[in-house]
Amino acid sequence: MKKMIFMMAAFCCLNIHAQNKWTLDECINYAMENNLTLKLSKLKQRSAQEDVMQSKAALFPTLSANTNQGVGYSPFDNTAADKAYYNGSYGVNAQWTVWNGGQNTNTIKQNKLTEEQAGLSTDVTANSLQEQITKLYVQILYMSEAIEVNRQSLETSKKNEERGQQMVEVGKMSKADLAQLSAQRASSEYSIVESETQLAKYKLQLKQALDLDAGTVFDVAIPSTSDQQALADIPSLVSVFDAAMAQRPEIKNALLGIESSNLQMKIAKAGALPTVTVNGGLGTSTNSMSSLAWGTQMKNNFDLTASVAINVPIFDARRTKTSVNKARIAQEQAQLNFEDEEHALYCTIEELWLDAINNQQKFRSALATVESEQESYNLLSEQFNLGLKNIVELLTGKDKLLTAQQNKLQSKYTTILSQQLLKFYQNGTIKI
């Protein structure tokens with residue numbers, strides 16, 4: 001029974017541990033729901049929605065009720081039976097702007113654009129976060145595989161050291177040469193520790209990017225990556241850029257900025273047009289000095305008013321002209337902002353594309369180099385065991401092999417990262 005309980009507990013621990021290993025999709029999905037920066041951006045979008053509702057409400061009349069209650073005292077009025085008196089007034093007023101040069105309707109359109117821009121700004125933040133997470137995730141994959149390469153190198157160093165000790169015992173190697181083999185083994189151990197430290201730092205950075213609590217157990221699932229992934233076809237620069245121009249939120253945001261600036265110009269020009277306003281109201285009043293009853297006064301003093309006001313601006317201290325000039329400047333700024341976003345997007349994609357092309361070529365070269373250096377080192381090791389090669393040649397061959405292996409890993413994962421980011425700019429998806 002105790003054995004069964006122990007096995008169940010062990011299984012649960014293993015299951016919990018496995019659940020704490022996050023895939024790239026899980027990291028991105030969690031960030032999209034819980035990242036604090038994204039949440040703040042979404043609040044700005046909600047605020048923009050309120051502005052739209054407010055501008056729509058401006059199309060309707062306003063209605064207000066008012067009352068005024070007062071007490072008066074006439075100490076020198078000998079005709080009044082009561083020198084202190086009470087009066088009150090009651091009214092309801094309505095106002096409706098019938099036409100103001102299209103300012104209200106254009107404000108609604110502009111606020112809708114602002115709301116849409118706020119949503120696109122959230123998408124820009126989300127994309128930036130996905131890129132950050134992907135870069136850290138790929139760095140973790142690279143360091144994990146680099147650690148395995150260093151461990152294999154350590155095993156080789158240990159075998160060389162053991163072989164050296166045997167050769168010292170039979171007088172075929174000096175202790176100085178053995179010391180070099182021991183130093184190489186120690187160097188291999190240090191490389192593992194250094195790589196593990198870097199891996200831990202990248203995992204911590206990823207955890208922080210996800211805004212996970214300090215006490216949350218976090219680890220990364222390491223998917224298998226093949227050399228064929230790095231050798232996959234790279235899309236053309238033009239095709240990626242054209243697709244990005246059609247779907248990237250920063251480009252859409254810049255285009256909406258141009259539309260918004262055009263509406264701002266219309267709103268500014270409307271300041272020189274007449275404004276038509278309809279006003280209406282009803283009211284009554286009472287006074288305690290009157291001999292009439294309160295209800296009778298309310299009825300007798302009741303009145304209705306209605307008016308149409310037309311306001312024609314003649315001289316407004318240059319306010320309209322200033323607004324128009326500023327709107328024209330805003331139009332130029334919006335156009336330049338779009339061109340800047342377009343240029344920045346092209347530069348980013350071009351850099352990623354060149355990185356993918358160059359690193360893929362490096363990877364192809366590294367594959368051949370690793371194979372060549374491995375064969376060379378195997379031959380050196382055999383010749384060293386036969387006493388045909390000295391310690392310096394063996395150590396040099398091992399260093400060349402390790403360098404080739406590290407170059408292969410670096411070019412492989414750099415290529416994969418660039419490829420995935422190109423796909424992300426092309427169709428908005430990342431998959432490793």
# chains A, B, ... in the order shown; residues from 1 in each chain; ligands from 1
>>> select_by_dssp(residues="range 18-261 of chain A", states="helix (DSSP H, G or I)", output="number ranges by chain")
A: 18-19, 24-34, 36-57, 103-169, 175-209, 227-230, 237-247, 249-261
>>> residues_around(residues="Val392 in chain A", least_positions_apart="5", cutoff="9 Å", atoms="only C-alpha atoms", output="mmCIF file with all heavy atoms, in the first residue's frame")
data_model
loop_
_atom_site.group_PDB
_atom_site.id
_atom_site.type_symbol
_atom_site.label_atom_id
_atom_site.label_comp_id
_atom_site.auth_asym_id
_atom_site.auth_seq_id
_atom_site.Cartn_x
_atom_site.Cartn_y
_atom_site.Cartn_z
ATOM 1 N N ASP A 177 52.348 17.307 -20.380
ATOM 2 C CA ASP A 177 51.309 17.084 -21.391
ATOM 3 C C ASP A 177 50.003 16.660 -20.746
ATOM 4 O O ASP A 177 48.901 17.063 -21.182
ATOM 5 C CB ASP A 177 51.765 16.024 -22.394
ATOM 6 C CG ASP A 177 52.862 16.548 -23.313
ATOM 7 O OD1 ASP A 177 52.999 17.781 -23.404
ATOM 8 O OD2 ASP A 177 53.572 15.725 -23.920
ATOM 9 N N GLN A 180 48.060 19.559 -19.529
ATOM 10 C CA GLN A 180 47.305 20.249 -20.575
ATOM 11 C C GLN A 180 45.958 19.568 -20.830
ATOM 12 O O GLN A 180 44.945 20.226 -21.053
ATOM 13 C CB GLN A 180 48.124 20.284 -21.871
ATOM 14 C CG GLN A 180 49.364 21.161 -21.793
ATOM 15 C CD GLN A 180 50.042 21.299 -23.141
ATOM 16 O OE1 GLN A 180 49.436 21.730 -24.118
ATOM 17 N NE2 GLN A 180 51.319 20.920 -23.206
ATOM 18 N N GLY A 397 42.970 20.181 -32.583
ATOM 19 C CA GLY A 397 41.901 19.524 -33.336
ATOM 20 C C GLY A 397 40.586 19.529 -32.568
ATOM 21 O O GLY A 397 39.514 19.748 -33.156
#
>>> residues_around(residues="Asn68 in chain A", least_positions_apart="3", cutoff="12 Å", atoms="only C-alpha atoms", output="list in words")
Ala65, Val71, Tyr86, Asn87, Gly88, Ser89, Tyr90, Gly91, Gly283, Thr284, Ser285, Thr286 and Asn287 of chain A
>>> select_by_dssp(residues="range 224-348 of chain A", states="strand (DSSP E)", output="PDB file with all heavy atoms, in the first residue's frame")
ATOM      1  N   THR A 275     -23.493  78.847 -37.062  1.00  0.00           N
ATOM      2  CA  THR A 275     -24.012  77.809 -36.184  1.00  0.00           C
ATOM      3  C   THR A 275     -25.494  78.090 -35.921  1.00  0.00           C
ATOM      4  O   THR A 275     -25.870  79.227 -35.599  1.00  0.00           O
ATOM      5  CB  THR A 275     -23.255  77.782 -34.846  1.00  0.00           C
ATOM      6  OG1 THR A 275     -21.875  77.530 -35.097  1.00  0.00           O
ATOM      7  CG2 THR A 275     -23.807  76.711 -33.937  1.00  0.00           C
ATOM      8  N   VAL A 276     -26.334  77.072 -36.080  1.00  0.00           N
ATOM      9  CA  VAL A 276     -27.777  77.203 -35.856  1.00  0.00           C
ATOM     10  C   VAL A 276     -28.139  76.411 -34.605  1.00  0.00           C
ATOM     11  O   VAL A 276     -27.862  75.213 -34.513  1.00  0.00           O
ATOM     12  CB  VAL A 276     -28.582  76.695 -37.061  1.00  0.00           C
ATOM     13  CG1 VAL A 276     -30.086  76.843 -36.805  1.00  0.00           C
ATOM     14  CG2 VAL A 276     -28.193  77.462 -38.323  1.00  0.00           C
ATOM     15  N   THR A 277     -28.767  77.106 -33.656  1.00  0.00           N
ATOM     16  CA  THR A 277     -29.130  76.478 -32.386  1.00  0.00           C
ATOM     17  C   THR A 277     -30.592  76.757 -32.084  1.00  0.00           C
ATOM     18  O   THR A 277     -31.064  77.895 -32.248  1.00  0.00           O
ATOM     19  CB  THR A 277     -28.263  77.022 -31.239  1.00  0.00           C
ATOM     20  OG1 THR A 277     -26.891  76.865 -31.558  1.00  0.00           O
ATOM     21  CG2 THR A 277     -28.557  76.287 -29.943  1.00  0.00           C
ATOM     22  N   VAL A 278     -31.314  75.749 -31.653  1.00  0.00           N
ATOM     23  CA  VAL A 278     -32.713  75.887 -31.242  1.00  0.00           C
ATOM     24  C   VAL A 278     -32.761  75.824 -29.718  1.00  0.00           C
ATOM     25  O   VAL A 278     -32.180  74.924 -29.107  1.00  0.00           O
ATOM     26  CB  VAL A 278     -33.584  74.776 -31.845  1.00  0.00           C
ATOM     27  CG1 VAL A 278     -35.009  74.843 -31.296  1.00  0.00           C
ATOM     28  CG2 VAL A 278     -33.609  74.901 -33.368  1.00  0.00           C
ATOM     29  N   ASN A 279     -33.443  76.797 -29.119  1.00  0.00           N
ATOM     30  CA  ASN A 279     -33.585  76.849 -27.670  1.00  0.00           C
ATOM     31  C   ASN A 279     -35.057  76.843 -27.295  1.00  0.00           C
ATOM     32  O   ASN A 279     -35.894  77.416 -28.002  1.00  0.00           O
ATOM     33  CB  ASN A 279     -32.943  78.122 -27.108  1.00  0.00           C
ATOM     34  CG  ASN A 279     -31.453  78.192 -27.403  1.00  0.00           C
ATOM     35  OD1 ASN A 279     -30.661  77.551 -26.747  1.00  0.00           O
ATOM     36  ND2 ASN A 279     -31.089  78.982 -28.413  1.00  0.00           N
ATOM     37  N   GLY A 280     -35.393  76.233 -26.213  1.00  0.00           N
ATOM     38  CA  GLY A 280     -36.765  76.203 -25.725  1.00  0.00           C
ATOM     39  C   GLY A 280     -36.780  76.054 -24.222  1.00  0.00           C
ATOM     40  O   GLY A 280     -35.829  75.564 -23.619  1.00  0.00           O
ATOM     41  N   GLY A 281     -37.859  76.542 -23.598  1.00  0.00           N
ATOM     42  CA  GLY A 281     -37.941  76.424 -22.154  1.00  0.00           C
ATOM     43  C   GLY A 281     -39.327  76.704 -21.647  1.00  0.00           C
ATOM     44  O   GLY A 281     -40.189  77.246 -22.345  1.00  0.00           O
ATOM     45  N   LEU A 282     -39.566  76.340 -20.427  1.00  0.00           N
ATOM     46  CA  LEU A 282     -40.807  76.643 -19.735  1.00  0.00           C
ATOM     47  C   LEU A 282     -40.461  76.961 -18.289  1.00  0.00           C
ATOM     48  O   LEU A 282     -39.479  76.446 -17.747  1.00  0.00           O
ATOM     49  CB  LEU A 282     -41.812  75.497 -19.844  1.00  0.00           C
ATOM     50  CG  LEU A 282     -41.368  74.098 -19.363  1.00  0.00           C
ATOM     51  CD1 LEU A 282     -41.637  73.919 -17.879  1.00  0.00           C
ATOM     52  CD2 LEU A 282     -42.094  73.034 -20.162  1.00  0.00           C
ATOM     53  N   GLY A 283     -41.269  77.876 -17.692  1.00  0.00           N
ATOM     54  CA  GLY A 283     -40.957  78.267 -16.333  1.00  0.00           C
ATOM     55  C   GLY A 283     -42.134  78.934 -15.657  1.00  0.00           C
ATOM     56  O   GLY A 283     -43.121  79.325 -16.283  1.00  0.00           O
ATOM     57  N   THR A 284     -42.033  79.084 -14.357  1.00  0.00           N
ATOM     58  CA  THR A 284     -43.040  79.757 -13.548  1.00  0.00           C
ATOM     59  C   THR A 284     -42.371  80.245 -12.277  1.00  0.00           C
ATOM     60  O   THR A 284     -41.216  79.893 -12.004  1.00  0.00           O
ATOM     61  CB  THR A 284     -44.215  78.823 -13.252  1.00  0.00           C
ATOM     62  OG1 THR A 284     -45.249  79.567 -12.597  1.00  0.00           O
ATOM     63  CG2 THR A 284     -43.780  77.671 -12.367  1.00  0.00           C
ATOM     64  N   SER A 285     -43.119  81.025 -11.494  1.00  0.00           N
ATOM     65  CA  SER A 285     -42.547  81.563 -10.255  1.00  0.00           C
ATOM     66  C   SER A 285     -43.659  81.837  -9.246  1.00  0.00           C
ATOM     67  O   SER A 285     -44.847  81.937  -9.601  1.00  0.00           O
ATOM     68  CB  SER A 285     -41.768  82.849 -10.547  1.00  0.00           C
ATOM     69  OG  SER A 285     -42.626  83.862 -11.066  1.00  0.00           O
ATOM     70  N   THR A 286     -43.277  81.985  -7.978  1.00  0.00           N
ATOM     71  CA  THR A 286     -44.216  82.313  -6.891  1.00  0.00           C
ATOM     72  C   THR A 286     -43.571  83.341  -5.979  1.00  0.00           C
ATOM     73  O   THR A 286     -42.337  83.452  -5.924  1.00  0.00           O
ATOM     74  CB  THR A 286     -44.589  81.059  -6.078  1.00  0.00           C
ATOM     75  OG1 THR A 286     -43.390  80.530  -5.487  1.00  0.00           O
ATOM     76  CG2 THR A 286     -45.234  79.998  -6.958  1.00  0.00           C
ATOM     77  N   ASN A 287     -44.445  84.064  -5.221  1.00  0.00           N
ATOM     78  CA  ASN A 287     -43.957  85.062  -4.264  1.00  0.00           C
ATOM     79  C   ASN A 287     -44.936  85.124  -3.106  1.00  0.00           C
ATOM     80  O   ASN A 287     -46.150  85.227  -3.306  1.00  0.00           O
ATOM     81  CB  ASN A 287     -43.828  86.431  -4.936  1.00  0.00           C
ATOM     82  CG  ASN A 287     -43.041  87.410  -4.083  1.00  0.00           C
ATOM     83  OD1 ASN A 287     -43.390  87.682  -2.955  1.00  0.00           O
ATOM     84  ND2 ASN A 287     -41.977  87.964  -4.675  1.00  0.00           N
ATOM     85  N   ASP A 303     -45.000  80.185 -18.302  1.00  0.00           N
ATOM     86  CA  ASP A 303     -44.784  80.660 -19.669  1.00  0.00           C
ATOM     87  C   ASP A 303     -43.905  79.688 -20.437  1.00  0.00           C
ATOM     88  O   ASP A 303     -43.149  78.913 -19.860  1.00  0.00           O
ATOM     89  CB  ASP A 303     -44.163  82.062 -19.679  1.00  0.00           C
ATOM     90  CG  ASP A 303     -42.752  82.075 -19.111  1.00  0.00           C
ATOM     91  OD1 ASP A 303     -42.423  81.161 -18.312  1.00  0.00           O
ATOM     92  OD2 ASP A 303     -41.968  82.974 -19.460  1.00  0.00           O
ATOM     93  N   LEU A 304     -44.026  79.740 -21.759  1.00  0.00           N
ATOM     94  CA  LEU A 304     -43.234  78.909 -22.669  1.00  0.00           C
ATOM     95  C   LEU A 304     -42.433  79.833 -23.577  1.00  0.00           C
ATOM     96  O   LEU A 304     -42.944  80.863 -24.034  1.00  0.00           O
ATOM     97  CB  LEU A 304     -44.137  78.009 -23.520  1.00  0.00           C
ATOM     98  CG  LEU A 304     -44.916  76.912 -22.798  1.00  0.00           C
ATOM     99  CD1 LEU A 304     -45.938  76.282 -23.752  1.00  0.00           C
ATOM    100  CD2 LEU A 304     -43.960  75.843 -22.287  1.00  0.00           C
ATOM    101  N   THR A 305     -41.178  79.415 -23.853  1.00  0.00           N
ATOM    102  CA  THR A 305     -40.334  80.206 -24.756  1.00  0.00           C
ATOM    103  C   THR A 305     -39.689  79.282 -25.782  1.00  0.00           C
ATOM    104  O   THR A 305     -39.399  78.117 -25.503  1.00  0.00           O
ATOM    105  CB  THR A 305     -39.230  80.951 -23.979  1.00  0.00           C
ATOM    106  OG1 THR A 305     -38.382  79.997 -23.336  1.00  0.00           O
ATOM    107  CG2 THR A 305     -39.807  81.892 -22.938  1.00  0.00           C
ATOM    108  N   ALA A 306     -39.476  79.796 -26.955  1.00  0.00           N
ATOM    109  CA  ALA A 306     -38.767  79.069 -28.018  1.00  0.00           C
ATOM    110  C   ALA A 306     -38.042  80.082 -28.884  1.00  0.00           C
ATOM    111  O   ALA A 306     -38.550  81.192 -29.116  1.00  0.00           O
ATOM    112  CB  ALA A 306     -39.743  78.255 -28.862  1.00  0.00           C
ATOM    113  N   SER A 307     -36.850  79.693 -29.332  1.00  0.00           N
ATOM    114  CA  SER A 307     -36.071  80.623 -30.148  1.00  0.00           C
ATOM    115  C   SER A 307     -35.122  79.853 -31.050  1.00  0.00           C
ATOM    116  O   SER A 307     -34.769  78.693 -30.775  1.00  0.00           O
ATOM    117  CB  SER A 307     -35.285  81.593 -29.260  1.00  0.00           C
ATOM    118  OG  SER A 307     -34.309  80.894 -28.499  1.00  0.00           O
ATOM    119  N   VAL A 308     -34.747  80.490 -32.112  1.00  0.00           N
ATOM    120  CA  VAL A 308     -33.738  79.965 -33.021  1.00  0.00           C
ATOM    121  C   VAL A 308     -32.603  80.984 -33.072  1.00  0.00           C
ATOM    122  O   VAL A 308     -32.841  82.163 -33.364  1.00  0.00           O
ATOM    123  CB  VAL A 308     -34.297  79.726 -34.433  1.00  0.00           C
ATOM    124  CG1 VAL A 308     -33.188  79.265 -35.373  1.00  0.00           C
ATOM    125  CG2 VAL A 308     -35.412  78.707 -34.400  1.00  0.00           C
ATOM    126  N   ALA A 309     -31.400  80.514 -32.747  1.00  0.00           N
ATOM    127  CA  ALA A 309     -30.243  81.404 -32.716  1.00  0.00           C
ATOM    128  C   ALA A 309     -29.296  81.048 -33.860  1.00  0.00           C
ATOM    129  O   ALA A 309     -28.971  79.870 -34.060  1.00  0.00           O
ATOM    130  CB  ALA A 309     -29.524  81.305 -31.384  1.00  0.00           C
ATOM    131  N   ILE A 310     -28.897  82.047 -34.605  1.00  0.00           N
ATOM    132  CA  ILE A 310     -27.915  81.869 -35.683  1.00  0.00           C
ATOM    133  C   ILE A 310     -26.683  82.702 -35.338  1.00  0.00           C
ATOM    134  O   ILE A 310     -26.788  83.926 -35.195  1.00  0.00           O
ATOM    135  CB  ILE A 310     -28.497  82.287 -37.046  1.00  0.00           C
ATOM    136  CG1 ILE A 310     -29.731  81.448 -37.381  1.00  0.00           C
ATOM    137  CG2 ILE A 310     -27.442  82.136 -38.133  1.00  0.00           C
ATOM    138  CD1 ILE A 310     -30.399  81.856 -38.677  1.00  0.00           C
ATOM    139  N   ASN A 311     -25.579  82.016 -35.204  1.00  0.00           N
ATOM    140  CA  ASN A 311     -24.333  82.695 -34.850  1.00  0.00           C
ATOM    141  C   ASN A 311     -23.402  82.685 -36.060  1.00  0.00           C
ATOM    142  O   ASN A 311     -22.993  81.632 -36.546  1.00  0.00           O
ATOM    143  CB  ASN A 311     -23.665  81.993 -33.666  1.00  0.00           C
ATOM    144  CG  ASN A 311     -22.364  82.662 -33.273  1.00  0.00           C
ATOM    145  OD1 ASN A 311     -22.224  83.884 -33.380  1.00  0.00           O
ATOM    146  ND2 ASN A 311     -21.410  81.868 -32.831  1.00  0.00           N
TER     147      ASN A 311
END
>>> atom_distance(atom1="CA of Glu351 in chain A", atom2="CA of Tyr425 in chain A")
12.4 Å
>>> closest_residue(among="A:Leu422, A:Met143, A:Ile430, A:Leu367", to="Asn407 in chain A", atoms="only C-alpha atoms")
A:Leu367
>>> closest_residue(among="A:Pro75, A:Gly101, A:Gly387, A:Pro249", to="Val312 in chain A", atoms="only C-alpha atoms")
A:Gly101
>>> atom_distance(atom1="CA of Ile258 in chain A", atom2="CA of Ala334 in chain A")
5.1 Å
>>> residues_around(residues="range 188-205 of chain A", least_positions_apart="4", cutoff="6 Å", atoms="only C-alpha atoms", output="list of chain:residue names")
A:Ile140, A:Met143, A:Ile147, A:Asn150, A:Leu154
>>> atom_distance(atom1="CA of Gln374 in chain A", atom2="CA of Ala356 in chain A")
26.1 Å
>>> closest_residue(among="A:Ile391, A:Leu206, A:Ser128, A:Gln247", to="Ser174 in chain A", atoms="only C-alpha atoms")
A:Ile391
>>> residues_around(residues="Ala221 in chain A", least_positions_apart="6", cutoff="9 Å", atoms="only C-alpha atoms", output="list in words")
Ala18, Asn20, Lys21, Trp22, Thr23 and Leu24 of chain A
>>> write_last_selection(atoms="N, CA and C atoms", output="PDB file, in the first residue's frame")
ATOM      1  N   ALA A  18       5.918  18.439 -15.493  1.00  0.00           N
ATOM      2  CA  ALA A  18       5.737  18.492 -16.946  1.00  0.00           C
ATOM      3  C   ALA A  18       4.835  19.655 -17.336  1.00  0.00           C
ATOM      4  N   ASN A  20       4.674  22.437 -15.925  1.00  0.00           N
ATOM      5  CA  ASN A  20       5.382  23.700 -15.778  1.00  0.00           C
ATOM      6  C   ASN A  20       6.327  23.976 -16.929  1.00  0.00           C
ATOM      7  N   LYS A  21       6.443  23.066 -17.858  1.00  0.00           N
ATOM      8  CA  LYS A  21       7.278  23.281 -19.044  1.00  0.00           C
ATOM      9  C   LYS A  21       6.412  23.921 -20.116  1.00  0.00           C
ATOM     10  N   TRP A  22       6.706  25.155 -20.444  1.00  0.00           N
ATOM     11  CA  TRP A  22       5.872  25.944 -21.340  1.00  0.00           C
ATOM     12  C   TRP A  22       6.389  25.859 -22.768  1.00  0.00           C
ATOM     13  N   THR A  23       5.463  25.639 -23.699  1.00  0.00           N
ATOM     14  CA  THR A  23       5.812  25.729 -25.116  1.00  0.00           C
ATOM     15  C   THR A  23       5.768  27.192 -25.545  1.00  0.00           C
ATOM     16  N   LEU A  24       6.231  27.474 -26.756  1.00  0.00           N
ATOM     17  CA  LEU A  24       6.201  28.845 -27.257  1.00  0.00           C
ATOM     18  C   LEU A  24       4.761  29.337 -27.377  1.00  0.00           C
TER      19      LEU A  24
END
